[in-house]
Amino acid sequence: MDKELREKLSESGFELDMTLQRFMGNETLYFKFLKKLPADQNYEAFVEAVDKKDPEAAFKSGHTLKGVMSNLGVDGPLQALLPMVEKLRANEAEGLEEELKEFKARYEKALAVIKEL
């Protein structure tokens with residue numbers, strides 16, 4: 001991966017060093033899986049469940065999305081999602097709408113970068 005792309009990904013909230021280790025240094029394989037993230041349905045399911053105030057569905061999709069983003073090193077949005085998932089785990093859904101705005105902004109920024117790859 002060239003220096004410019006590495007910097008762009010890092011600036012957009014991607015954790016590359018440990019993630020590439022997880023992919024055994026295979027950048028081609030990493031990008032193959034990373035490019036599948038925009039098609040993952042858990043983001044839409046999470047946003048919809050939070051909007052509908054359905055904590056059980058929000059936890060299920062949020063927890064799955066957390067795992068996907070963690071494995072792919074999409075750390076920017078992941079850091080915004082983590083406290084939301086923990087609230088949902090504790091069955092505390094109050095105030096998630098505000099946190100959702102930050103998460104959505106970070107997620108959309110990450111997706112924009114992925115779509116450029």
# chains A, B, ... in the order shown; residues from 1 in each chain; ligands from 1

call {"tool": "residues_around", "arguments": {"residues": "range 83-99 of chain A", "least_positions_apart": "3", "cutoff": "8 Å", "atoms": "only C-alpha atoms", "output": "PyMOL selection string"}}
result
chain A and resi 50-51+53+55-56+58-59+62-63+79-80+102-103

call {"tool": "residues_around", "arguments": {"residues": "Phe33 in chain A", "least_positions_apart": "2", "cutoff": "10 Å", "atoms": "only C-alpha atoms", "output": "PyMOL selection string"}}
result
chain A and resi 23+27-31+35-37+68+71-72

call {"tool": "closest_residue", "arguments": {"among": "A:Ala57, A:Leu5, A:Leu78, A:Met24", "to": "Ala45 in chain A", "atoms": "only C-alpha atoms"}}
result
A:Ala57

call {"tool": "closest_residue", "arguments": {"among": "A:Leu117, A:Met1, A:Leu20, A:Leu34", "to": "Val74 in chain A", "atoms": "only C-alpha atoms"}}
result
A:Leu34

call {"tool": "select_by_dssp", "arguments": {"residues": "chain A", "states": "alpha helix (DSSP H)", "output": "count of residues only"}}
result
87

call {"tool": "residues_around", "arguments": {"residues": "Pro77 in chain A", "least_positions_apart": "6", "cutoff": "8 Å", "atoms": "only C-alpha atoms", "output": "list in words"}}
result
Gly13, Phe103, Lys104, Arg106, Tyr107 and Ala110 of chain A

call {"tool": "residues_around", "arguments": {"residues": "Pro38 in chain A", "least_positions_apart": "5", "cutoff": "9 Å", "atoms": "only C-alpha atoms", "output": "PyMOL selection string"}}
result
chain A and resi 43+111+114-115

call {"tool": "write_last_selection", "arguments": {"atoms": "N, CA and C atoms", "output": "tab-separated table (two decimals), in the first residue's frame"}}
result
chain	number	residue	atom	x	y	z
A	43	TYR	N	-25.71	-2.01	9.28
A	43	TYR	CA	-25.75	-0.56	9.52
A	43	TYR	C	-27.18	-0.05	9.39
A	111	LEU	N	-17.20	5.01	4.75
A	111	LEU	CA	-17.72	4.41	3.52
A	111	LEU	C	-17.28	5.19	2.30
A	114	ILE	N	-13.85	4.04	1.50
A	114	ILE	CA	-13.86	2.68	0.97
A	114	ILE	C	-14.32	2.67	-0.48
A	115	LYS	N	-15.32	3.44	-0.79
A	115	LYS	CA	-15.85	3.48	-2.16
A	115	LYS	C	-14.85	4.04	-3.15

call {"tool": "atom_distance", "arguments": {"atom1": "CA of Asp17 in chain A", "atom2": "CA of Asp75 in chain A"}}
result
11.9 Å

call {"tool": "closest_residue", "arguments": {"among": "A:Asp2, A:Asp40, A:Glu48, A:Glu108", "to": "Gly67 in chain A", "atoms": "only C-alpha atoms"}}
result
A:Asp40

call {"tool": "residues_around", "arguments": {"residues": "Gly73 in chain A", "least_positions_apart": "6", "cutoff": "6 Å", "atoms": "only C-alpha atoms", "output": "PyMOL selection string"}}
result
chain A and resi 14-15+19

call {"tool": "closest_residue", "arguments": {"among": "A:Glu11, A:Asp54, A:Met18, A:Leu65", "to": "Gln41 in chain A", "atoms": "only C-alpha atoms"}}
result
A:Leu65

call {"tool": "atom_distance", "arguments": {"atom1": "CA of Lys52 in chain A", "atom2": "CA of Ala112 in chain A"}}
result
26.1 Å

call {"tool": "atom_distance", "arguments": {"atom1": "CA of Lys109 in chain A", "atom2": "CA of Leu82 in chain A"}}
result
17.3 Å

call {"tool": "closest_residue", "arguments": {"among": "A:Asn42, A:Ser61, A:Asn26, A:Ser12", "to": "Gly76 in chain A", "atoms": "only C-alpha atoms"}}
result
A:Ser12

call {"tool": "residues_around", "arguments": {"residues": "Leu16 in chain A", "least_positions_apart": "5", "cutoff": "8 Å", "atoms": "only C-alpha atoms", "output": "list in words"}}
result
Arg6, Leu9, Ser10 and Gly73 of chain A

call {"tool": "write_last_selection", "arguments": {"atoms": "N, CA and C atoms", "output": "compact mmCIF listing (two decimals), in the first residue's frame"}}
result
# COMPACT_ATOMS: atom_id res chain seq x y z
N ARG A 6 -2.22 4.93 2.64
CA ARG A 6 -2.10 4.62 4.08
C ARG A 6 -2.47 5.83 4.92
N LEU A 9 -6.30 6.52 4.71
CA LEU A 9 -7.05 5.58 5.53
C LEU A 9 -6.87 5.89 7.02
N SER A 10 -5.66 6.16 7.43
CA SER A 10 -5.39 6.48 8.84
C SER A 10 -6.12 7.74 9.26
N GLY A 73 -10.83 -3.10 11.06
CA GLY A 73 -10.04 -1.95 11.49
C GLY A 73 -10.68 -0.61 11.17
